[in-house]
Each structure stands twice: as C-alpha cells, then as structure tokens.
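Worksheet: one structure, shown below.
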Amino acid sequence: MPSAILIALIPLLPLFTFLVLGLYRRKVFKNASGIIGTLSLLISFVIAVFTAYSYFHIHQGSHPAEIPFKYTWLQFNEGMSIDMGIQLDSISVMMIVVVTFVSLMVHIFSLGYMKGEERYPTYYAFLSLFTFSMLGLVLSSNIFQIYIFWELVGVSSYLLIGFYYDRPSAVAASKKAFIVTRFADLGFLIGILILSFYANTLDFNTLIATFTTQTPELHNALASTFLDVSALTWGLVLVFMGGAGKSAMFPLHIWLPDAMEGPTPVSALIHAATMVVAGVFLVARLFPIFSLSAPAALDIVAYVGILSAFLAAIIACTQTDIKRVLAYSTMSQIGFMMFALGVSGYGGENGLGYTASMFHLFTHAMFKALLFLGAGVVIHFIHSNDMKDMGGLRKYLPVAHITFLIACLAIAGVPPFAGFFSKEEILLAAYNSNPTIYYIALVTSALTAFYMFRLYFSIFWNKPTPLYSSAGEGAGGEVHHHKGPFVMSLPLIILAIGAALAGFIHFGNFVSSDGQPLESHFNPMFSIAPVTIGVIGIAIAWVLYKKQNDKPERIASALSSLYRATYRKFYIDEIYLFITKKVLFNLVGRPAAWFDRNVVDGMVNATGNATATLSARIKKIQSGRVQGYAIYTLVGVIALAVLFIYLWK
C-alpha cells in the first residue's frame with residue numbers, strides 16, 4: 001500500500017492548487033492557472049489509481065477498511081472525539097478514482113471552453129476547492145469529518161454555480177442551491193447527534209460495529225422511541241435527509257435544474273461524480289446499519305429514490321433547455337442508485353442492489369460527464385442552450401455527435417454499453433425484492449431512452465442547422481461558430497471509451513455490501529423486457545424528432561393540461577414559493593418581525609430611554625459648582641447626624 005503521506009496528497013494537491021491560484025491569480029498565474037490546475041489533478045489521479053490498484057491487489061479475497069492516517073482533533077470523552085483521518089475501503093477507493101478522473105476531464109475540457117474568461121484563474125481555483133472538498137468527503141473516517149467536507153462541498157458548489165456573478169439568474173441559482181441544501185444539512189446534523197449520542201462515537205467503523213451487533217447501545221437506540229419510531233431509525237432518516245438534499249431527491253430537488261446557470265464544465269463536475277452522488281455515498285457508507293438494524297429507514301430510501309427517478313424522467317420529456325434535460329436525467333439516475341440501495345440486503349446475493357448501485361454510480365460518471373461536456377461543445381458552437389435553435393449539427397461536430405450518441409446509448413441501457421450492465425443489475429435487484437418498484441423502474445427506463453434520444457435527435461438531426469444568414473449559405477458564413485480546440489475533444493473521446501467499455505468490469509469482485517466478492521451473472525432472458533422497452537422509447541423519439549414535423553406539437557396540444565404541468569415541473573417551485581412567501585413570511589415572518597420590532601426592540605429602547613431620562617434628571621448633581629457640592633455635603637452630614645441620634649435613642 002502507498003504511504004499515508006502519498007495517499008494524503010490526493011486531496012491535498014487540489015487544496016494547495018486552490019490556495020496558490022486564489023492568492024496569486026492576478027500576479028503570477030493568470031495565464032498558466034489552467035495548466036497548473038490540470039497538472040495538479042493529473043498527479044492526484046495517478047496517485048488515486050495507484051492506491052486503488054495496491055488496495056485491490058493486496059485484498060483480493062476481501063476488502064476490509066483501513067485507516068492509514070488518523071489525528072484526534074477534539075477529544076470530548078473516552079471514545080468520543082472528532083478525528084481527521086483517511087479511511088480506505090472498496091467504495092472510498094472507487095470514489096477517489098472516479099472523482100479525480102472526472103475532475104481531470106473537466107479541467108482539460110475547460111482549458112478550451114473557458115479560455116478568454118476574465119476570471120479564468122478564479123475558475124480553476126474554485127474547481128480545485130470543489131475537488132478537494134469531495135475527495136475529503138469520500139476519504140473521511142468519521143461521520144463528523146464527512147459533515148465538515150459536506151459543507152465545504154456546499155460552499156464550493158455555491159461559488160461555481162454563481163461564477164457568473166454579474167448574471168442575476170446565476171446569483172439566484174447559487175443562493176437557491178445553498179439554502180435548500182442547508183435545510184437538508186440541518187437534518188443531517190441532527191441525525192449525527194442522535195447516532196453519536198447513543199453510540200458514544202463518531203468513528204464510522206465503531207458506529208457500524210455498535211449498531212450491527214447486540215450491544216447495550218443498540219438496545220437503547222431501538223428502545224428509545226418518538227412517535228413509535230426508534231431513535232436509531234430517526235437518526236438514519238435524518239442523515240438520509242442530508243443525502244437527499246445533496247443528491248437532489250424529491251422534494252429537495254428544486255435547486256438542481258437552476259444549478260445549470262454555472263459554466264457547463266461545472267455542471268459536468270457537479271452532476272457526474274461529485275456533489276449529487278454524495279448522498280448515495282453517504283447511505284452506502286452507513287449501509288450495514290440501514291440494512292441490519294433499521295430496515296424501515298432503508299424502505300424510505302427505496303421509495304424516495306423510485307419516486308424521484310420517475311418524476312424526473314417525466315419532467316425531462318418536456319424540457320427544451322439541453323442542460324435542464326440533463327439535470328433531470330441526473331436526478332432520475334441518482335434515484336436509480338438510491339432505490340437500488342433501498343431494495344438491497346446485506347451480504348452475498350442479497351447485496352446485489354448495493355453492488356448494482358455503486359456500479360451504476362461508476363458507469364454514470366462516465367456517460368453523464370460525457371453528456372454534459374458534449375452539451376458544452378454544442379453550446380460553445382451554437383451559442384444557445386435551447387433545442388429549438390439546434391438541429392443537423394452532426395455534420396459540423398462529428399466528434400461530439402459520435403460521443404454523445406455513445407453516451408445516449410449507455411444511459412438508455414442499450415447493450416453492450418456501460419449503462420446496460422449496471423442498470424440491469426439494479427432492475428434485477430428490484431425484481432427480486434420489490435416488484436412494484438421494479439415495474440415503475442421499467443417504465444422509467446423507457447422514459448429515459450425516450451427523452452435522451454429526443455435530445456440527441458433534436459441536436460444532431462431534426463432540422464437544418466441555422467448557421468447562415470437569410471441572404472444565403474455564403475453570405476452570413478460561420479464566423480461566430482467554433483468547434484473548439486482539441487483539448488475539448490480529447491475528454492469526449494476518453495469518456496466515450498469509458499461509457500462503452502466500463503460495463504465489462506467485474507464490479508462485484510471489487511465492491512460489495514459485506515466486502516466479499518460478489519459474482520453477478522448476466523441473464524439474457526431477464527434483459528429482454530428492459531432492452532425492448534428501451535428500444536421502443538428510442539423508436540418513438542426517432543419518429544417524433546428525427547425529422548422536423550408537427551407531431552410533437554399536436555401531442556402537446558392533445559395533452560395540454562398534463563403537458564403544461566409537466567413543463568412547469570408540476571409547479572413544485574411555485575408551491576415552495578407559496579409556502580415561503582404566503583405562509584412562512586406572512587404567518588411566521590411578519591409576526592416575528594413585529595415581535596422583534598415592538599417587544600424586543602421596544603424593551604431595549606425603553607431601557608435606553610429610561611436611562612437617558614434618569615441621566616437628564618441627575619446630571620445637575622455633577623454640575624462642577626463647589627457651592628453646590630458643599631450644600632450636598634452639609635445636607636448629608638445633617639442627615640447622618642439625625643439618623644445617628646435617632647438610632648442611639
């Protein structure tokens with residue numbers, strides 16, 4: 001195994017890059033900041049790959065957790081402390097490879113996409129901070145340490161989403177993401193306090209051991225109830241609330257589409273393998289407790305996941321902004337990962353859902369990063385996010401066209417692309433555990449194939465691309481359309497290879513619920529229904545969107561109310577605004593403001609006024625006139641003499 005210092009360099013190199021670029025961005029590194037940030041990530045990625053190879057080579061039969069580094073930061077009592085440590089196990093090792101790889105692709109792509117930006121060094125500094133935060137999160141050895149990096153991820157995402165601070169929409173989107181996830185993180189913090197109170201530890205391994213064996217702490221956590229629900233279940237549900245907010249699960253998903261206001265490479269970083277999968281990672285980290293001691297909490301994970309997946313897939317079918325389509329696609333795919341965890345058991349074949357979820361996280365990182373970066377090439381070329389302004393781009397962007405098609409085939413679950421293998425395992429786990437969830441997931445898979453190929457055909461086929469002026473093909477020219485440099489095409493090619501081939505990895509040999517290798521078997525008969533329904537979705541998109549026609553408009557008109565509701569995202573944002581402005585502000589905010597203004601401020605003002613009045617009355621005592629002081633002294637002496645005579649009698 002690599003030394004602890006070498007492993008620590010994986011997150012520390014991006015942190016060092018952030019500090020250097022942040023402090024010296026204007027004086028020294030303005031033009032070289034992209035190269036510096038990319039080289040730093042390349043070194044982190046190489047170390048991460050070496051660490052993963054060493055870990056899995058040493059632990060071929062099982063994958064135990066290792067703590068190569070641990071420093072006690074705050075000691076509360078025996079067994080209870082906040083530590084800064086590094087934990088290596090199968091999922092953390094997998095995640096450091098995924099995070100550094102996707103971040104490296106984004107760094108390389110941004111060399112071309114962000115070239116010429118006024119805040120170019122700041123952009124790379126923020127990317128490095130985000131990568132450091134995510135790497136610190138997945139390597140954390142205790143639940144409070146992960147919370148610290150959890151909040152750092154929130155801060156860095158706020159900075160990246162609001163990178164174009166001169167755009168009101170970007171500022172609003174960054175605030176929305178920050179505020180919504182703060183509400184979720186409050187639940188996460190309360191959940192941490194509940195779990196640590198009963199387990200008397202914050203350490204992950206100790207926490208899991210305490211709550212998965214017959215210990216007095218487990219008995220107390222199960223015996224203590226609120227609303228007839230055990231304290232352990234409450235703690236895990238509140239922890240999942242934090243994960244649901246970060247992973248944009250219903251009903252805490254409203255920040256995700258608006259997060260598209262950031263630069264497109266940022267969207268690839270947030271959606272592919274970092275921020276939005278943090279919630280999945282968190283549930284996976286505590287999965288033994290969910291599965292063995294609080295199955296009711298795991299049921300909540302399953303149903304929230306499938307509802308989010310289905311709802312997001314429906315909304316994605318009506319959106320016209322290509323980045324918003326991909327945003328709802330991310331929400332749907334994260335929902336697949338969540339309900340896969342929710343239907344999974346612990347150990348052996350029962351843990352298929354766990355392995356499938358992590359496998360889909362791995363493959364999803366490839367094709368979703370590819371989709372967003374491909375969308376970045378399209379936006380860079382056409383200068384618009386709207387599908388209505390696109391069409392026929394396959395002739396002008398051949399690399400983006402082929403790689404985008406590979407990503408669409410992968411996410412649609414078409415064999416032999418990567419998404420097929422991971423999604424099939426998720427569906428098989430659902431079929432074996434919860435048929436209701438399986439059938440909803442099957443329909444969602446068909447919707448996924450439809451809306452992704454609706455997007456593909458609308459961009460690269462459909463109508464001729466409006467590149468020229470109305471005066472003719474030669475009059476306007478393509479002077480404002482740029483394919484981008486090779487550094488924008490290289491990540492697409494690399495990610496396309498991953499999206500095509502990553503499914504052939506025997507993932508169960510590396511990641512499983514109990515650390516033991518899990519042999520998954522491909523079942524062609526089971527795959528007939530998912531593949532068929534996916535092909536049907538693609539065929540419908542072919543008919544409606546390959547060539548320009550009025551069929552989509554006629555269908556939308558026929559489903560006017562439903563289509564309008566779906567296009568408006570079922571008015572969930574409006575519901576939140578109504579609750580916030582009409583209910584909270586009017587019924588809570590205004591009375592609280594009146595109480596603060598009239599009672600709290602009134603008491604303070606009254607105290608101040610009384611003090612001022614008393615001061616005005618008695619200030620003449622300190623007049624500075626010697627005659628007055630002499631009279632006061634004489635009166636005082638006479639009063640004391642009278643009092644003395646009276647008391648003497």
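FYI, nothing fancy with the structure tokens labels: chains A, B, ... in order, residues from 1 per chain, ligands from 1 as they appear.
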
### Task
Compile the contact shell of stretch 86-94 of chain A as a VMD selection string: residues with an atom at most 7 Å away, counting only C-alpha atoms, same-chain residues fewer than 4 positions apart removed.
chain A and resid 52 63 to 70 98 138 to 141 510 to 511

### Task
List every residue of stretch 45-153 of chain A that DSSP, applied to the backbone of this structure, assigns to strand (DSSP E or B), and report them as a list in words.
Glu66, Ile67, Pro68, Phe69, Lys70, Tyr71, Thr72, Trp73, Leu74, Gln75, Phe76, Asn77, Met80, Ser81, Ile82, Asp83, Met84, Gly85, Ile86, Gln87, Leu88 and Asn142 of chain A

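Proximity to A:Ser357 was assessed for A:Gly392, A:Pro216, A:Gly419, A:Gly376 counting only C-alpha atoms; the smallest distance is recorded for A:Gly419.
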
### Summary
Correct to one decimal, the distance atom CA of A:Phe281-atom CA of A:Met95 is 8.7 Å

### Message
Between atom CA of A:Ala172 and atom CA of A:Met260, what distance in Å does the model show, to one decimal?
### Response
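According to the coordinates, atom CA of A:Ala172 and atom CA of A:Met260 are separated by 11.5 Å.
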
### Summary
Among A:Leu427, A:Ile555, A:Leu238, A:Leu492, A:Ala268 is approached most closely, using only C-alpha atoms, by A:Leu492

### Task
Tell me which of A:Leu21, A:Ala272, A:Met249, A:Val531 sits closest to A:Ala312, counting only C-alpha atoms.
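The closest residue to A:Ala312 is A:Met249.
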
Contacts of A:Gly136 at 9 Å or less, counting only C-alpha atoms, minus same-chain residues fewer than 2 places along, as a short mmCIF file (atom, residue, chain, number, x, y, z; two decimals) with N, CA and C atoms, in the first residue's frame?
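This is the output file result-v9.cif:
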data_model
loop_
_atom_site.label_atom_id
_atom_site.label_comp_id
_atom_site.auth_asym_id
_atom_site.auth_seq_id
_atom_site.Cartn_x
_atom_site.Cartn_y
_atom_site.Cartn_z
N PRO A 11 -6.06 14.47 -1.85
CA PRO A 11 -6.88 15.68 -1.64
C PRO A 11 -6.05 16.95 -1.42
N LEU A 12 -4.82 16.81 -0.89
CA LEU A 12 -4.06 18.00 -0.53
C LEU A 12 -3.52 18.74 -1.75
N ILE A 86 -8.11 9.27 7.34
CA ILE A 86 -8.32 8.74 5.99
C ILE A 86 -8.75 7.30 6.12
N THR A 131 -12.94 19.95 -5.84
CA THR A 131 -12.36 18.62 -5.91
C THR A 131 -11.78 18.21 -4.56
N PHE A 132 -11.08 19.13 -3.90
CA PHE A 132 -10.54 18.85 -2.57
C PHE A 132 -11.66 18.49 -1.60
N SER A 133 -12.75 19.25 -1.64
CA SER A 133 -13.86 19.00 -0.71
C SER A 133 -14.46 17.63 -0.94
N MET A 134 -14.64 17.25 -2.19
CA MET A 134 -15.25 15.96 -2.48
C MET A 134 -14.32 14.81 -2.12
N VAL A 138 -15.10 11.71 0.68
CA VAL A 138 -15.14 10.26 0.46
C VAL A 138 -14.05 9.54 1.24
N LEU A 139 -13.01 10.27 1.69
CA LEU A 139 -11.94 9.64 2.45
C LEU A 139 -12.14 9.77 3.96
N SER A 140 -13.20 10.44 4.39
CA SER A 140 -13.41 10.70 5.82
C SER A 140 -13.57 9.40 6.60
N GLN A 145 -16.41 14.34 10.47
CA GLN A 145 -15.45 14.78 9.46
C GLN A 145 -16.12 14.85 8.09
N ILE A 146 -16.95 13.86 7.78
CA ILE A 146 -17.65 13.89 6.50
C ILE A 146 -18.62 15.08 6.44
N PHE A 149 -16.61 18.26 5.44
CA PHE A 149 -16.36 18.32 4.00
C PHE A 149 -17.66 18.43 3.22
N TRP A 150 -18.73 17.89 3.78
CA TRP A 150 -20.06 18.03 3.18
C TRP A 150 -20.41 19.51 3.01
#

### Task
Report the residues of stretch 121-227 of chain A whose backbone DSSP state falls under helix (DSSP H, G or I), written as a ChimeraX atom specification.
/A:121-139,143-161,168-199,204-211,216-223

### Message
Show me, as an MDAnalysis selection string, the residues that have an atom within 12 Å of A:Gly187 when counting only C-alpha atoms, minus same-chain residues fewer than 4 positions from it.
### Response
chainID A and resid 147 180:183 191:194 234:246

### Message
When you look at stretch 200-203 of chain A with a cut-off of 8 Å (counting only C-alpha atoms), what residues show up, excluding the ones that are within fewer than 6 positions of it in the same chain? I need them as a list of chain:residue names.
### Response
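Selected residues are A:Gly79, A:Met80, A:Ser81, A:Ile82, A:Ser141, A:Asn142, A:Ile143, A:Phe144.
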